[in-house]
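> Mind having a look at this structure? Questions to follow.
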Amino acid sequence: MVSRSGQFAENETELGVWMKRCRGRRSLRAIEQELKGTEHPLTKSTLSRYEHGMHLPPLRYAEALDRVYSTEGWLMLSIHRLWRLKWDPWSEEWPQRYHSFAWPADYRGMVWMKVLPTDREEQVHISIDLEWAPWGRVVECVLPSTGVVLRTGKAPDRDGVSRTLNLRANHKVYVLFGAGEEELAEESVLDIHRGWEVRNKDASREERLHGPSDPDATE
């Protein structure tokens with residue numbers, strides 16, 4: 001599927017095709033039953049609309065859909081990417097100081113985090129601490145009302161185990177995680193691929209090869 005080609009769904013139609021392909025011979029009824037009783041129960045008809053490209057699945061369903069469609073993080077990542085331009089967290093999400101995300105283990109390339117303030121009208125000075133396996137860095141910036149996109153790179157996790165990036169901010173914020181080389185010209189972008197340091201001196205060589213340590217994934 002997507003993971004082997006390194007490509008992403010570019011629109012709702014492509015996303016639906018991928019979902020149907022990943023479902024294989026399983027019925028939508030089987031997926032519905034698997035989600036029944038969970039935090040995000042979805043009906044057969046709703047799943048069908050997603051597979052036919054009629055609607056983009058809400059962000060709150062991305063992780064559950066990724067799990068039941070067995071896509072190892074790629075479906076969730078594609079959903080996140082497609083929401084970037086129309087993301088409106090003030091209507092449905094709660095801001096937090098702590099956020100986390102794990103990109104697919106075999107993904108290599110550009111990754112980004114779109115950070116929005118709790119107030120649409122004001123800008124605020126913000127300090128963000130990032131930890132990614134043994135790597136870490138602090139980002140200080142003025143967060144405008146339209147937000148900022150933090151951009152860096154990721155190397156493949158060669159042992160097949162995805163490492164989670166943890167984000168801690170000194171103010172509550174909204175964060176959308178994504179990836180890819182798409183045009184970010186309309187965004188306020190802060191390139192953070194330099195300045196990472198190894199915080200865990202006892203980390204294995206395999207862990208040190210992960211994430212922002214690979215210059216080819218960030219330039």
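In the structure tokens, the first chain shown is A, the next is B, and so on; residue numbers restart at 1 for each chain, and ligands run from 1 in the order shown.
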Need the shell around range 74-78 of chain A: protein/DNA/RNA residues with any atom at most 6 Å away, counting only C-alpha atoms. Skip same-chain ones fewer than 2 positions apart. Format as an NGL selection string?

:A and (8-9 or 62-63 or 66 or 71-72 or 80-81)

> Write the residues of the selection above to a file with N, CA and C atoms, as a short mmCIF file (atom, residue, chain, number, x, y, z; two decimals), in the first residue's frame.


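What ended up in part39.cif:
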data_model
loop_
_atom_site.label_atom_id
_atom_site.label_comp_id
_atom_site.auth_asym_id
_atom_site.auth_seq_id
_atom_site.Cartn_x
_atom_site.Cartn_y
_atom_site.Cartn_z
N PHE A 8 1.24 9.64 -0.49
CA PHE A 8 0.09 9.92 0.35
C PHE A 8 -1.14 10.15 -0.53
N ALA A 9 -2.30 9.99 0.06
CA ALA A 9 -3.53 10.34 -0.65
C ALA A 9 -3.57 11.85 -0.82
N ALA A 62 -9.18 9.25 12.98
CA ALA A 62 -8.02 8.82 12.20
C ALA A 62 -7.29 7.63 12.81
N GLU A 63 -7.04 7.68 14.10
CA GLU A 63 -6.29 6.59 14.74
C GLU A 63 -7.07 5.28 14.73
N ASP A 66 -7.11 3.86 11.20
CA ASP A 66 -5.80 3.31 10.89
C ASP A 66 -5.64 1.91 11.48
N THR A 71 -3.14 -0.18 8.61
CA THR A 71 -2.26 0.56 7.70
C THR A 71 -0.98 1.08 8.36
N GLU A 72 -0.71 0.69 9.59
CA GLU A 72 0.56 0.98 10.26
C GLU A 72 0.90 2.48 10.28
N HIS A 80 -4.48 13.29 8.39
CA HIS A 80 -3.93 14.51 8.99
C HIS A 80 -3.49 15.50 7.91
N ARG A 81 -2.79 15.02 6.88
CA ARG A 81 -2.31 15.88 5.81
C ARG A 81 -3.47 16.59 5.09
#

> Going by DSSP on the backbone, which residues of range 4-216 of chain A come out as strand (DSSP E or B)? List them as a PyMOL selection string.

chain A and resi 96-102+109-117+124-132+135-143+148-154+164-179+189-191+197-198

> Give the alpha helix (DSSP H) residues of range 62-188 of chain A, as DSSP finds them on the backbone, and put them as a VMD selection string.

chain A and resid 62 to 68 74 to 83

> Using Å and a single decimal, report how far CA of Val138 in chain A sits from CA of Ser91 in chain A.

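Those two atoms sit 28.9 Å apart.
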
> Can you tell me which residues surround range 39-56 of chain A at a distance of at most 12 Å, considering only C-alpha atoms, apart from same-chain residues fewer than 6 positions away, and format the answer as a VMD selection string?

chain A and resid 9 to 23 27 to 33 62 to 65 67 to 69 75 to 76 78 to 84 86 to 87

> Just how far from CA of Gly195 in chain A is CA of Thr118 in chain A, in Å to one decimal?

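Going from CA of Thr118 in chain A over to CA of Gly195 in chain A, I get 27.1 Å.
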
> For Val161 in chain A, work out the shell of residues within 9 Å, counting only C-alpha atoms and skipping chain neighbours fewer than 2 positions away, then give it as a list in words.

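My reading of the contact set: Pro104, Ala105, Asp106, Asp157, Arg158, Asp159 and Arg163 of chain A.
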
> Could those residues be written to a file, using all heavy atoms, as a tab-separated table (two decimals), in the first residue's frame?


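So again_8.tsv came out as:
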chain	number	residue	atom	x	y	z
A	104	PRO	N	4.74	6.71	10.70
A	104	PRO	CA	5.02	5.32	10.33
A	104	PRO	C	6.52	5.02	10.41
A	104	PRO	O	7.35	5.85	10.03
A	104	PRO	CB	4.51	5.24	8.89
A	104	PRO	CG	3.44	6.28	8.82
A	104	PRO	CD	3.91	7.41	9.69
A	105	ALA	N	6.85	3.83	10.89
A	105	ALA	CA	8.25	3.48	11.10
A	105	ALA	C	9.08	3.58	9.84
A	105	ALA	O	10.24	4.01	9.87
A	105	ALA	CB	8.34	2.07	11.69
A	106	ASP	N	8.52	3.19	8.70
A	106	ASP	CA	9.33	3.17	7.47
A	106	ASP	C	9.24	4.47	6.67
A	106	ASP	O	9.78	4.55	5.57
A	106	ASP	CB	8.96	1.98	6.59
A	106	ASP	CG	7.48	1.90	6.26
A	106	ASP	OD1	6.71	2.67	6.85
A	106	ASP	OD2	7.10	1.06	5.44
A	157	ASP	N	12.78	4.25	10.81
A	157	ASP	CA	13.15	3.49	12.01
A	157	ASP	C	13.57	2.10	11.54
A	157	ASP	O	12.72	1.27	11.20
A	157	ASP	CB	11.96	3.42	12.98
A	157	ASP	CG	11.55	4.80	13.45
A	157	ASP	OD1	12.36	5.46	14.12
A	157	ASP	OD2	10.43	5.22	13.14
A	158	ARG	N	14.85	1.85	11.51
A	158	ARG	CA	15.37	0.66	10.84
A	158	ARG	C	15.01	-0.65	11.53
A	158	ARG	O	15.08	-1.71	10.92
A	158	ARG	CB	16.90	0.78	10.70
A	158	ARG	CG	17.28	2.01	9.87
A	158	ARG	CD	18.76	2.17	9.70
A	158	ARG	NE	19.08	3.42	9.02
A	158	ARG	CZ	20.30	3.81	8.73
A	158	ARG	NH1	21.33	3.05	9.06
A	158	ARG	NH2	20.51	4.97	8.11
A	159	ASP	N	14.63	-0.56	12.80
A	159	ASP	CA	14.20	-1.77	13.49
A	159	ASP	C	12.70	-1.99	13.35
A	159	ASP	O	12.15	-2.94	13.93
A	159	ASP	CB	14.60	-1.73	14.96
A	159	ASP	CG	14.01	-0.52	15.69
A	159	ASP	OD1	13.30	0.29	15.05
A	159	ASP	OD2	14.28	-0.37	16.90
A	163	ARG	N	9.09	5.60	16.68
A	163	ARG	CA	9.35	6.38	17.89
A	163	ARG	C	8.37	7.54	17.97
A	163	ARG	O	8.10	8.21	16.97
A	163	ARG	CB	10.77	6.93	17.87
A	163	ARG	CG	11.81	6.06	18.53
A	163	ARG	CD	12.03	4.76	17.81
A	163	ARG	NE	13.14	4.00	18.36
A	163	ARG	CZ	13.59	2.87	17.84
A	163	ARG	NH1	13.01	2.36	16.76
A	163	ARG	NH2	14.59	2.23	18.39

> Skipping near chain neighbours, those fewer than 6 positions away, what residues fall within 7 Å of range 93-97 of chain A using only C-alpha atoms, listed as number ranges by chain?

A: 118, 168-174

> Dump all heavy atoms for the selected residues as a JSON list (two decimals), in the first residue's frame?


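So the final result, stored in part-v3.json, reads:
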[["chain", "number", "residue", "atom", "x", "y", "z"],
["A", 118, "THR", "N", -4.70, 29.21, 21.43],
["A", 118, "THR", "CA", -6.08, 29.03, 21.91],
["A", 118, "THR", "C", -6.97, 30.20, 21.53],
["A", 118, "THR", "O", -8.18, 30.06, 21.41],
["A", 118, "THR", "CB", -6.11, 28.87, 23.45],
["A", 118, "THR", "OG1", -5.49, 30.01, 24.05],
["A", 118, "THR", "CG2", -5.36, 27.61, 23.86],
["A", 168, "ARG", "N", 5.83, 19.46, 24.37],
["A", 168, "ARG", "CA", 5.35, 20.11, 25.59],
["A", 168, "ARG", "C", 5.51, 21.62, 25.42],
["A", 168, "ARG", "O", 6.61, 22.10, 25.14],
["A", 168, "ARG", "CB", 6.16, 19.63, 26.81],
["A", 168, "ARG", "CG", 5.66, 20.23, 28.13],
["A", 168, "ARG", "CD", 6.40, 19.68, 29.33],
["A", 168, "ARG", "NE", 7.77, 20.19, 29.42],
["A", 168, "ARG", "CZ", 8.85, 19.45, 29.23],
["A", 168, "ARG", "NH1", 8.74, 18.17, 28.92],
["A", 168, "ARG", "NH2", 10.06, 19.97, 29.32],
["A", 169, "ALA", "N", 4.43, 22.35, 25.58],
["A", 169, "ALA", "CA", 4.45, 23.81, 25.42],
["A", 169, "ALA", "C", 4.17, 24.50, 26.75],
["A", 169, "ALA", "O", 3.56, 23.92, 27.65],
["A", 169, "ALA", "CB", 3.41, 24.23, 24.39],
["A", 170, "ASN", "N", 4.64, 25.74, 26.87],
["A", 170, "ASN", "CA", 4.39, 26.47, 28.13],
["A", 170, "ASN", "C", 3.00, 27.11, 28.16],
["A", 170, "ASN", "O", 2.60, 27.66, 29.18],
["A", 170, "ASN", "CB", 5.47, 27.53, 28.34],
["A", 170, "ASN", "CG", 5.47, 28.59, 27.27],
["A", 170, "ASN", "OD1", 5.01, 28.37, 26.15],
["A", 170, "ASN", "ND2", 5.99, 29.78, 27.59],
["A", 171, "HIS", "N", 2.28, 27.05, 27.03],
["A", 171, "HIS", "CA", 0.89, 27.48, 26.97],
["A", 171, "HIS", "C", 0.08, 26.37, 26.29],
["A", 171, "HIS", "O", 0.62, 25.58, 25.52],
["A", 171, "HIS", "CB", 0.73, 28.76, 26.14],
["A", 171, "HIS", "CG", 1.41, 29.96, 26.74],
["A", 171, "HIS", "ND1", 0.93, 30.62, 27.84],
["A", 171, "HIS", "CD2", 2.55, 30.62, 26.37],
["A", 171, "HIS", "CE1", 1.72, 31.65, 28.12],
["A", 171, "HIS", "NE2", 2.71, 31.65, 27.24],
["A", 172, "LYS", "N", -1.20, 26.33, 26.58],
["A", 172, "LYS", "CA", -2.05, 25.37, 25.87],
["A", 172, "LYS", "C", -2.14, 25.76, 24.40],
["A", 172, "LYS", "O", -2.30, 26.94, 24.07],
["A", 172, "LYS", "CB", -3.46, 25.34, 26.50],
["A", 172, "LYS", "CG", -3.49, 24.71, 27.88],
["A", 172, "LYS", "CD", -4.92, 24.65, 28.42],
["A", 172, "LYS", "CE", -4.96, 23.98, 29.78],
["A", 172, "LYS", "NZ", -6.35, 23.88, 30.31],
["A", 173, "VAL", "N", -2.02, 24.76, 23.54],
["A", 173, "VAL", "CA", -2.07, 24.98, 22.09],
["A", 173, "VAL", "C", -2.80, 23.83, 21.42],
["A", 173, "VAL", "O", -3.04, 22.77, 22.01],
["A", 173, "VAL", "CB", -0.64, 25.10, 21.49],
["A", 173, "VAL", "CG1", 0.05, 26.36, 21.96],
["A", 173, "VAL", "CG2", 0.20, 23.86, 21.83],
["A", 174, "TYR", "N", -3.14, 24.05, 20.15],
["A", 174, "TYR", "CA", -3.65, 22.99, 19.29],
["A", 174, "TYR", "C", -2.50, 22.56, 18.38],
["A", 174, "TYR", "O", -1.73, 23.41, 17.90],
["A", 174, "TYR", "CB", -4.80, 23.48, 18.42],
["A", 174, "TYR", "CG", -6.01, 24.00, 19.18],
["A", 174, "TYR", "CD1", -6.21, 25.37, 19.35],
["A", 174, "TYR", "CD2", -6.96, 23.10, 19.70],
["A", 174, "TYR", "CE1", -7.32, 25.84, 20.02],
["A", 174, "TYR", "CE2", -8.07, 23.58, 20.38],
["A", 174, "TYR", "CZ", -8.25, 24.95, 20.54],
["A", 174, "TYR", "OH", -9.35, 25.42, 21.21]]
